[in-house]
Amino acid sequence: LLSRRQRQMCIRDSLCIKSIDCCYLKRPVIATGFFNVEFMNENVEKRIIAFTSQSLRQYGMRAVRMDDIAKQMNVSKKTIYQLYNTKDKLINICVETYLNRVENIFRIIRYDSPDILVCLWEVSKAYIENLYRANPSFWNDVFRYSEYKYILTEYNSIWSSELENIISICQKEKYIIPDLDISAFLESFMTLLYNARFVECLPAMLRNSAYFMLRGIMTANGIERFERLDVSCKKVN
């Protein structure tokens with residue numbers, strides 16, 4: 001059994017050890033605090049961009065306000081403005097994020113569609129699907145207001161570039177008529193689909209239109225091969 005003095009000494013030593021342990025445990029938190037803040041900011045930014053992108057697609061460019069974003073994301077307006085300064089800067093980041101996502105969609109389609117005609121059809125369907133990811137209010141704003149028209153330009157540019165590359169390969173494979181003006185065709189193709197989405201036609205109508213427009217620029221060999229493709233690839237209903 002320990003004497004009273006020995007017990008007091010043990011308690012004192014124990015408290016000293018706990019104090020040292022506490023100091024030791026706190027050091028990594030302080031030392032890595034900068035990285036924790038960075039991680040937190042990165043996470044917050046991802047959430048803000050995702051929420052803002054969804055809000056823009058749902059309500060349009062002008063209806064979305066920085067104050068509303070801060071309130072819905074449960075962050076201060078100061079934090080929002082420290083991260084992005086202006087609404088236009090936040091929108092630009094959302095656009096860049098979207099373009100990166102579309103490039104990833106293209107990579108997936110190329111990987112999953114070794115047949116070039118299947119690739120052409122899948123990219124066309126993906127374009128239509130993306131038109132329906134945003135409400136007409138969004139498309140109205142990017143078409144109507146000059147400060148947002150660059151968004152529609154970039155949107156059309158990334159899709160038309162991919163489709164043009166695929167159609168060019170199809171021409172080399174003699175699946176597409178050789179004298180086709182690809183740029184003129186794509187302008188008509190994408191304008192028709194965009195306008196149909198804008199007036200809220202059903203997605204099936206757009207897929208049917210896309211299917212027959214693409215079939216209309218094919219050679220006999222291309223049409224025959226297109227018809228032999230898996231039905232799930234050509235399904236338009």
# chains A, B, ... in the order shown; residues from 1 in each chain; ligands from 1

$ residues_around --residues "A:Val64" --least-positions-apart "3" --cutoff "12 Å" --atoms "only C-alpha atoms" --output "list in words"
Phe51, Thr52, Ser53, Gln54, Ser55, Leu56, Arg57, Gln58, Tyr59, Gly60, Met61, Asp67, Asp68, Ile69, Ala70, Lys71, Gln72, Lys87, Asp88, Leu90, Ile91, Ser137, Phe138 and Asp141 of chain A

$ residues_around --residues "A:Asn156" --least-positions-apart "5" --cutoff "10 Å" --atoms "only C-alpha atoms" --output "ChimeraX atom specification"
/A:127,150-151,161,186-187,190-191,194

$ write_last_selection --atoms "C-alpha atoms" --output "compact mmCIF listing (two decimals), in the first residue's frame"
# COMPACT_ATOMS: atom_id res chain seq x y z
CA TYR A 127 -26.22 16.18 -76.35
CA TYR A 150 -20.75 33.19 -74.17
CA ILE A 151 -22.13 30.24 -72.18
CA SER A 161 -16.26 19.94 -82.02
CA LEU A 186 -24.01 20.56 -87.43
CA GLU A 187 -25.31 24.11 -87.26
CA MET A 190 -27.88 21.48 -83.19
CA THR A 191 -30.13 24.49 -83.88
CA TYR A 194 -31.95 23.35 -79.31

$ atom_distance --atom1 "atom CA of A:Tyr98" --atom2 "atom CA of A:Ser76"
25.2 Å

$ residues_around --residues "A:Asn195" --least-positions-apart "6" --cutoff "12 Å" --atoms "only C-alpha atoms" --output "tab-separated table (two decimals) with C-alpha atoms, in the first residue's frame"
chain	number	residue	atom	x	y	z
A	128	ILE	CA	-30.02	15.86	-76.20
A	131	LEU	CA	-30.33	19.95	-73.17
A	132	TYR	CA	-32.93	18.54	-70.79
A	136	PRO	CA	-36.14	26.59	-70.54
A	139	TRP	CA	-31.72	28.48	-72.14
A	140	ASN	CA	-33.73	31.68	-72.46
A	143	PHE	CA	-29.75	33.18	-75.50
A	187	GLU	CA	-25.31	24.11	-87.26
A	188	SER	CA	-28.68	22.93	-88.61
A	189	PHE	CA	-28.60	19.76	-86.51
A	201	CYS	CA	-40.86	19.23	-77.13
A	202	LEU	CA	-40.63	15.74	-75.68
A	205	MET	CA	-39.15	13.82	-80.57
A	206	LEU	CA	-35.60	15.15	-80.45

$ select_by_dssp --residues "stretch 25-210 of chain A" --states "alpha helix (DSSP H)" --output "ChimeraX atom specification"
/A:25-31,33-59,66-73,77-84,87-112,116-131,136-144,149-172,182-198,203-210

$ atom_distance --atom1 "atom CA of A:Arg144" --atom2 "atom CA of A:Ile182"
26.9 Å

$ residues_around --residues "stretch 210-224 of chain A" --least-positions-apart "4" --cutoff "8 Å" --atoms "only C-alpha atoms" --output "list in words"
Trp121, Ser124, Lys174, Tyr175, Ile176, Ile177, Leu180, Phe189, Leu193, Leu206, Arg228, Lys234 and Val236 of chain A

$ write_last_selection --atoms "all heavy atoms" --output "CSV table (one decimal), in the first residue's frame"
chain,number,residue,atom,x,y,z
A,121,TRP,N,-23.9,8.2,-82.6
A,121,TRP,CA,-25.3,8.1,-82.0
A,121,TRP,C,-25.3,8.4,-80.5
A,121,TRP,O,-26.1,9.2,-80.0
A,121,TRP,CB,-25.9,6.8,-82.3
A,121,TRP,CG,-27.3,6.7,-81.8
A,121,TRP,CD1,-27.8,5.7,-81.0
A,121,TRP,CD2,-28.4,7.5,-82.0
A,121,TRP,NE1,-29.1,5.9,-80.7
A,121,TRP,CE2,-29.5,7.0,-81.3
A,121,TRP,CE3,-28.6,8.7,-82.8
A,121,TRP,CZ2,-30.8,7.6,-81.3
A,121,TRP,CZ3,-29.9,9.3,-82.8
A,121,TRP,CH2,-30.9,8.8,-82.1
A,124,SER,N,-24.7,12.1,-79.8
A,124,SER,CA,-25.9,12.8,-80.2
A,124,SER,C,-26.9,12.7,-79.1
A,124,SER,O,-27.6,13.7,-78.7
A,124,SER,CB,-26.4,12.3,-81.5
A,124,SER,OG,-25.5,12.5,-82.6
A,174,LYS,N,-16.1,6.1,-95.1
A,174,LYS,CA,-17.1,6.0,-96.1
A,174,LYS,C,-18.6,5.7,-95.6
A,174,LYS,O,-19.3,5.1,-96.3
A,174,LYS,CB,-16.7,5.1,-97.2
A,174,LYS,CG,-15.4,5.5,-97.9
A,174,LYS,CD,-15.0,4.6,-99.1
A,174,LYS,CE,-13.7,5.1,-99.7
A,174,LYS,NZ,-13.3,4.2,-100.8
A,175,TYR,N,-18.8,6.1,-94.4
A,175,TYR,CA,-20.2,5.9,-93.8
A,175,TYR,C,-21.0,7.2,-94.0
A,175,TYR,O,-22.2,7.1,-93.9
A,175,TYR,CB,-20.1,5.6,-92.3
A,175,TYR,CG,-19.4,4.3,-92.0
A,175,TYR,CD1,-18.6,4.2,-90.9
A,175,TYR,CD2,-19.6,3.2,-92.8
A,175,TYR,CE1,-18.0,3.0,-90.5
A,175,TYR,CE2,-19.0,2.0,-92.5
A,175,TYR,CZ,-18.2,1.9,-91.3
A,175,TYR,OH,-17.5,0.7,-91.0
A,176,ILE,N,-20.3,8.3,-94.2
A,176,ILE,CA,-21.0,9.6,-94.4
A,176,ILE,C,-20.7,10.1,-95.8
A,176,ILE,O,-19.6,9.9,-96.3
A,176,ILE,CB,-20.5,10.6,-93.4
A,176,ILE,CG1,-20.8,10.2,-92.0
A,176,ILE,CG2,-21.1,12.0,-93.6
A,176,ILE,CD1,-22.2,10.1,-91.6
A,177,ILE,N,-21.6,10.7,-96.5
A,177,ILE,CA,-21.4,11.2,-97.9
A,177,ILE,C,-20.2,12.1,-97.9
A,177,ILE,O,-20.0,13.0,-97.1
A,177,ILE,CB,-22.7,11.9,-98.4
A,177,ILE,CG1,-23.1,13.1,-97.5
A,177,ILE,CG2,-23.8,10.9,-98.6
A,177,ILE,CD1,-24.3,13.8,-98.0
A,180,LEU,N,-20.3,16.2,-97.9
A,180,LEU,CA,-21.1,16.9,-96.8
A,180,LEU,C,-20.3,18.1,-96.2
A,180,LEU,O,-19.1,17.9,-95.9
A,180,LEU,CB,-21.4,15.9,-95.7
A,180,LEU,CG,-22.1,16.5,-94.4
A,180,LEU,CD1,-23.6,16.8,-94.8
A,180,LEU,CD2,-22.0,15.5,-93.3
A,189,PHE,N,-28.3,20.9,-87.4
A,189,PHE,CA,-28.6,19.8,-86.5
A,189,PHE,C,-28.8,20.3,-85.1
A,189,PHE,O,-29.8,20.0,-84.4
A,189,PHE,CB,-27.4,18.8,-86.6
A,189,PHE,CG,-27.6,17.6,-85.7
A,189,PHE,CD1,-28.4,16.5,-86.1
A,189,PHE,CD2,-26.8,17.4,-84.5
A,189,PHE,CE1,-28.6,15.4,-85.3
A,189,PHE,CE2,-26.9,16.3,-83.8
A,189,PHE,CZ,-27.8,15.3,-84.1
A,193,LEU,N,-32.4,20.9,-82.7
A,193,LEU,CA,-32.6,20.2,-81.4
A,193,LEU,C,-32.7,21.2,-80.3
A,193,LEU,O,-33.5,21.1,-79.4
A,193,LEU,CB,-31.4,19.3,-81.1
A,193,LEU,CG,-31.2,18.1,-82.1
A,193,LEU,CD1,-30.0,17.3,-81.8
A,193,LEU,CD2,-32.5,17.2,-82.1
A,206,LEU,N,-37.0,14.7,-80.1
A,206,LEU,CA,-35.6,15.2,-80.4
A,206,LEU,C,-34.7,14.0,-80.9
A,206,LEU,O,-34.0,14.1,-81.8
A,206,LEU,CB,-34.9,15.9,-79.3
A,206,LEU,CG,-35.2,17.4,-79.2
A,206,LEU,CD1,-36.7,17.6,-78.8
A,206,LEU,CD2,-34.3,18.1,-78.2
A,228,ARG,N,-27.7,-2.3,-88.8
A,228,ARG,CA,-27.3,-3.6,-88.2
A,228,ARG,C,-26.8,-3.4,-86.8
A,228,ARG,O,-26.6,-4.4,-86.1
A,228,ARG,CB,-26.1,-4.2,-89.0
A,228,ARG,CG,-26.5,-4.8,-90.3
A,228,ARG,CD,-25.5,-5.8,-90.8
A,228,ARG,NE,-24.1,-5.3,-90.7
A,228,ARG,CZ,-23.5,-4.8,-91.7
A,228,ARG,NH1,-24.1,-4.7,-92.9
A,228,ARG,NH2,-22.2,-4.4,-91.6
A,234,LYS,N,-29.9,2.3,-81.2
A,234,LYS,CA,-30.7,3.1,-82.1
A,234,LYS,C,-32.1,3.5,-81.5
A,234,LYS,O,-32.9,4.2,-82.2
A,234,LYS,CB,-30.9,2.4,-83.4
A,234,LYS,CG,-29.6,2.0,-84.2
A,234,LYS,CD,-30.0,1.5,-85.5
A,234,LYS,CE,-30.8,0.3,-85.5
A,234,LYS,NZ,-31.1,-0.2,-86.8
A,236,VAL,N,-35.1,5.0,-80.1
A,236,VAL,CA,-35.5,6.5,-80.1
A,236,VAL,C,-36.8,6.7,-79.4
A,236,VAL,O,-37.3,7.9,-79.3
A,236,VAL,CB,-35.7,7.0,-81.6
A,236,VAL,CG1,-34.4,7.0,-82.3
A,236,VAL,CG2,-36.7,6.2,-82.3
